[in-house]
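Trainee: Would you mind keeping the following structure in view while I ask a few things?
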Number of protein chains: 4
Amino acid sequence: MLKELREQVLEANLEVVRRGLVLYTFGNVSGISRKDGLVAIKPSGVPYERMTADDLVITDLEGKKAWGDLRPSSDLATHLHLYRSFQEIGGVVHTHSEFATSWAQAKRPIPPFGTTHADYFYGPIPVTRELTAEEIQDDYVHATGVAIVECFGNRDPLETPAALVADHGPFCWGRSPEDAVHNAVVLEAVARMATYTVGLKPKKTGVSQTLLDKHYFRKHGKTATYGQS
Amino acid sequence: MLKELREQVLEANLEVVRRGLVLYTFGNVSGISRKDGLVAIKPSGVPYERMTADDLVITDLEGKKAWGDLRPSSDLATHLHLYRSFQEIGGVVHTHSEFATSWAQAKRPIPPFGTTHADYFYGPIPVTRELTAEEIQDDYVHATGVAIVECFGNRDPLETPAALVADHGPFCWGRSPEDAVHNAVVLEAVARMATYTVGLKPKKTGVSQTLLDKHYFRKHGKTATYGQS
Amino acid sequence: MLKELREQVLEANLEVVRRGLVLYTFGNVSGISRKDGLVAIKPSGVPYERMTADDLVITDLEGKKAWGDLRPSSDLATHLHLYRSFQEIGGVVHTHSEFATSWAQAKRPIPPFGTTHADYFYGPIPVTRELTAEEIQDDYVHATGVAIVECFGNRDPLETPAALVADHGPFCWGRSPEDAVHNAVVLEAVARMATYTVGLKPKKTGVSQTLLDKHYFRKHGKTATYGQS
Amino acid sequence: MLKELREQVLEANLEVVRRGLVLYTFGNVSGISRKDGLVAIKPSGVPYERMTADDLVITDLEGKKAWGDLRPSSDLATHLHLYRSFQEIGGVVHTHSEFATSWAQAKRPIPPFGTTHADYFYGPIPVTRELTAEEIQDDYVHATGVAIVECFGNRDPLETPAALVADHGPFCWGRSPEDAVHNAVVLEAVARMATYTVGLKPKKTGVSQTLLDKHYFRKHGKTATYGQS
């Protein structure tokens, strides 16, 4: 079932490893077929080295398994809430990449400190609120997704395709699983540079709205001029 | 003698190198056969590149050599004290991995700053007290083991399978040599993120007990749901 | 057209990747044929892995395309302004290398903290002023070049072949594209060490003029003694 | 002439590259034949990738060339002064390895913060005084050697086989060129951990003399027990 999607999702999972964003079985990538209302996701706790497209799990948007022998990633419910809430996204990735995770642990949003950030993220990378004890105990994984969506408010999730889950780590997304992973890789680079930048200038603030607009819209939207048409 | 154990211990020693936790002949991994009351450990000062399972040394729990031509690791007495005191562990590893060692040198326990930590370690990574001059002079290696056991008090050593020896570096353990090394690799990642986190937020404290419980018991114990059953 | 130059520029672009200075399609290198008044530059947004010398774009010094099917790098106008203003340079490179970019984001010039710096850069690495909102909106890429040239004043651009564009990242140059990339690699190392140095000694100042002279002129100019004659 | 020595010195130079201690043509290693009073050293500015044992240069202890077609390393006079002053050393290495260089730039000696340091260096890694303007102008390279020897006073240079030249970088030595490089690799690891340690604990001081003695003499001198006899 949905073999092409499963292969894309497998490849995106392996790319996360090649880019050094995860250790062991940490992290997970999913992709969605909007037409079918089905999500393909990494299985839980299977070593990347021997993962094949047949190990992936397919569920519907409520988490009911539609295909596959294995258990889905333990973070499935977060992915599903993001797909339900952010209608235009096609892929979701969660990592514990070390610099983004450190900002998540510090519960500091990452301000747009420069053009690298502005090329990919149209404003600060938000941090979720802490979950209540009840949320953690009763419905932790779903509540994580709820908190991510909440912290976006009216912001367009495709304009800033990443959030830091407080005390946990980054979730990123994009138009496809591949695109989501690309954003996760850039987020880690942005987080690394932001860490060095505040070391050099503790009171550093974000770039001007004008510069943010210039860089963001040079690469995104109808007025983009970056790349080959 | 105990060829299978020696091969497991050799492989665990080589994994420590592959994971970048040691330089030159630094570090050492051992494993125990509880049935036989015998421990296989890395020889002292032998380059990893040419180490074979025949270079390992087997001793009893008092350190009497039972097999092998070479001298055992100079840290043998620490390993043995851990095996005698922590009855359920099957492997021990010592490294000078750089971030964990830096916390050991700073004599700061590593608080559970996020879910990566909570997934593996059920509470802070403790730091041993400083040894007295007498302990250092008379029975240094054994006293190091005593100090590790001491700093656990009533805590379950398998729930937090690591300690930082003050001014020295980490010791980790697990149900097997392989498991011990896995914990050492994660400890280094956790120490790295903890270093960045306190840089970003000097007063950062550990996560809530509720979040610690959620993550720890999602991966450990009877209620675990992570991975494939 | 200008096949040899295009091959040099291609090779310089690939070297930037091999040296770890860029992610994905970030960064760009160009080279100039002064005799022909033509510049060869990386195309915009083409993956390095499949870039060939035939993908490069050749323009005149006003940016009019003279050869090639693809769009030139979106930073072309900055490169051209540097070539027009700095008559002796033969290559220009722009990266988002992480430590140099962090200094650019912190808007701190990099002082000559030691002899590694002095061996390559005859004084501080300057930071450009912030562009005005009008400059950003109307003529951003060209204005970036203007700001770089401005911040050099009367300094010889070949004696300090690098500048940090505020909130953006480094531009470097040299007598050839290869030389420009070499300088970019050293700049990143210098920025990395400068970061660690101010961590260890926040009030650290530049080396003495005497030491700067000694090291710089040991490697550069008529009195140079470094290397084989 | 002295082919075996040249091959050892070549190999030690290449090891410096493999260990990531140098960029481009930075750094240099030499070795001495005490019997012949001759030193073999890396040529100046030759890329490591194509260096052969025939490119090395042999000089006497006053710097007079005894063999070889190329110019010796520009740091030759420092090496020679170390060989003349430290009678028991057999190899010298100079690098700009990034963490050790950062301590040199900060002009902070590296205290023995833990047992990794104590295993190799019997006390702080000293920093040289700044050279006078006259020394820099008139006899810079030799004066650098003089300052290194000066900062050792009565300390045994083989017990602490490294010094940080202020505003410049580390020089290390040992009983052979190979041994010198080994010490340079460990120094860089020690400097890296010392950097993280002071970040975590700014007022961190060196370990006790008792612990320093225990670790140092476990690996060095007549009472050593580390390794195979």
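FYI, nothing fancy with the structure tokens labels: chains A, B, ... in order, residues from 1 per chain, ligands from 1 as they appear.
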Taking only C-alpha atoms into account, which residues of chain A are within 6 Å of chain B, as a ChimeraX atom specification?

Mentor: /A:44-45,98,102,105-106,167-168

Trainee: Quick one: DSSP strand (DSSP E) residues in range 132-174 of chain C, as a list in words?

Mentor: Ala162, Ala163, Leu164, Val165, Gly169, Pro170, Phe171, Cys172, Trp173 and Gly174 of chain C

Trainee: So that I have them on file, write out the residues from the current selection with C-alpha atoms, as a PDB file, in the first residue's frame.

Mentor:
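Wrote it out as again37.pdb, contents follow:
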```pdb
ATOM      1  CA  ALA C 162      37.475  39.199   3.865  1.00  0.00           C
ATOM      2  CA  ALA C 163      34.548  41.134   5.293  1.00  0.00           C
ATOM      3  CA  LEU C 164      31.570  40.179   7.426  1.00  0.00           C
ATOM      4  CA  VAL C 165      28.259  41.410   6.081  1.00  0.00           C
ATOM      5  CA  GLY C 169      27.824  36.219   6.620  1.00  0.00           C
ATOM      6  CA  PRO C 170      31.316  36.436   5.160  1.00  0.00           C
ATOM      7  CA  PHE C 171      32.501  37.455   1.724  1.00  0.00           C
ATOM      8  CA  CYS C 172      36.115  36.628   0.933  1.00  0.00           C
ATOM      9  CA  TRP C 173      38.285  37.194  -2.113  1.00  0.00           C
ATOM     10  CA  GLY C 174      41.764  36.645  -3.459  1.00  0.00           C
TER      11      GLY C 174
END
```

Trainee: Residues at most 7 Å from Lys107 in chain D, counting only C-alpha atoms, excluding those fewer than 4 positions away in the same chain, as a PyMOL selection string?

Mentor: chain D and resi 103+127+166-167

Trainee: Emit the selected residues as a compact mmCIF listing (two decimals), in the first residue's frame, including all heavy atoms.

Mentor:
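This went into selection.txt:
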```txt
# COMPACT_ATOMS: atom_id res chain seq x y z
N TRP D 103 43.69 28.94 23.98
CA TRP D 103 44.29 29.20 25.31
C TRP D 103 45.55 30.05 25.16
O TRP D 103 45.80 30.95 25.98
CB TRP D 103 44.58 27.88 26.03
CG TRP D 103 43.36 27.25 26.60
CD1 TRP D 103 42.44 26.49 25.93
CD2 TRP D 103 42.88 27.33 27.95
NE1 TRP D 103 41.43 26.09 26.77
CE2 TRP D 103 41.67 26.58 28.03
CE3 TRP D 103 43.35 27.93 29.11
CZ2 TRP D 103 40.93 26.45 29.21
CZ3 TRP D 103 42.62 27.80 30.30
CH2 TRP D 103 41.42 27.07 30.34
N VAL D 127 52.32 29.23 29.62
CA VAL D 127 52.24 30.17 28.50
C VAL D 127 53.51 31.02 28.53
O VAL D 127 53.92 31.48 29.61
CB VAL D 127 51.02 31.09 28.63
CG1 VAL D 127 50.94 32.06 27.44
CG2 VAL D 127 49.74 30.28 28.72
N ALA D 166 52.44 32.56 23.61
CA ALA D 166 51.43 33.61 23.73
C ALA D 166 51.06 34.18 22.37
O ALA D 166 51.94 34.49 21.56
CB ALA D 166 51.96 34.73 24.64
N ASP D 167 49.76 34.30 22.13
CA ASP D 167 49.23 34.86 20.88
C ASP D 167 49.58 34.04 19.64
O ASP D 167 49.40 34.50 18.51
CB ASP D 167 49.71 36.31 20.66
CG ASP D 167 48.99 37.29 21.58
OD1 ASP D 167 47.87 36.98 22.01
OD2 ASP D 167 49.55 38.35 21.88
```
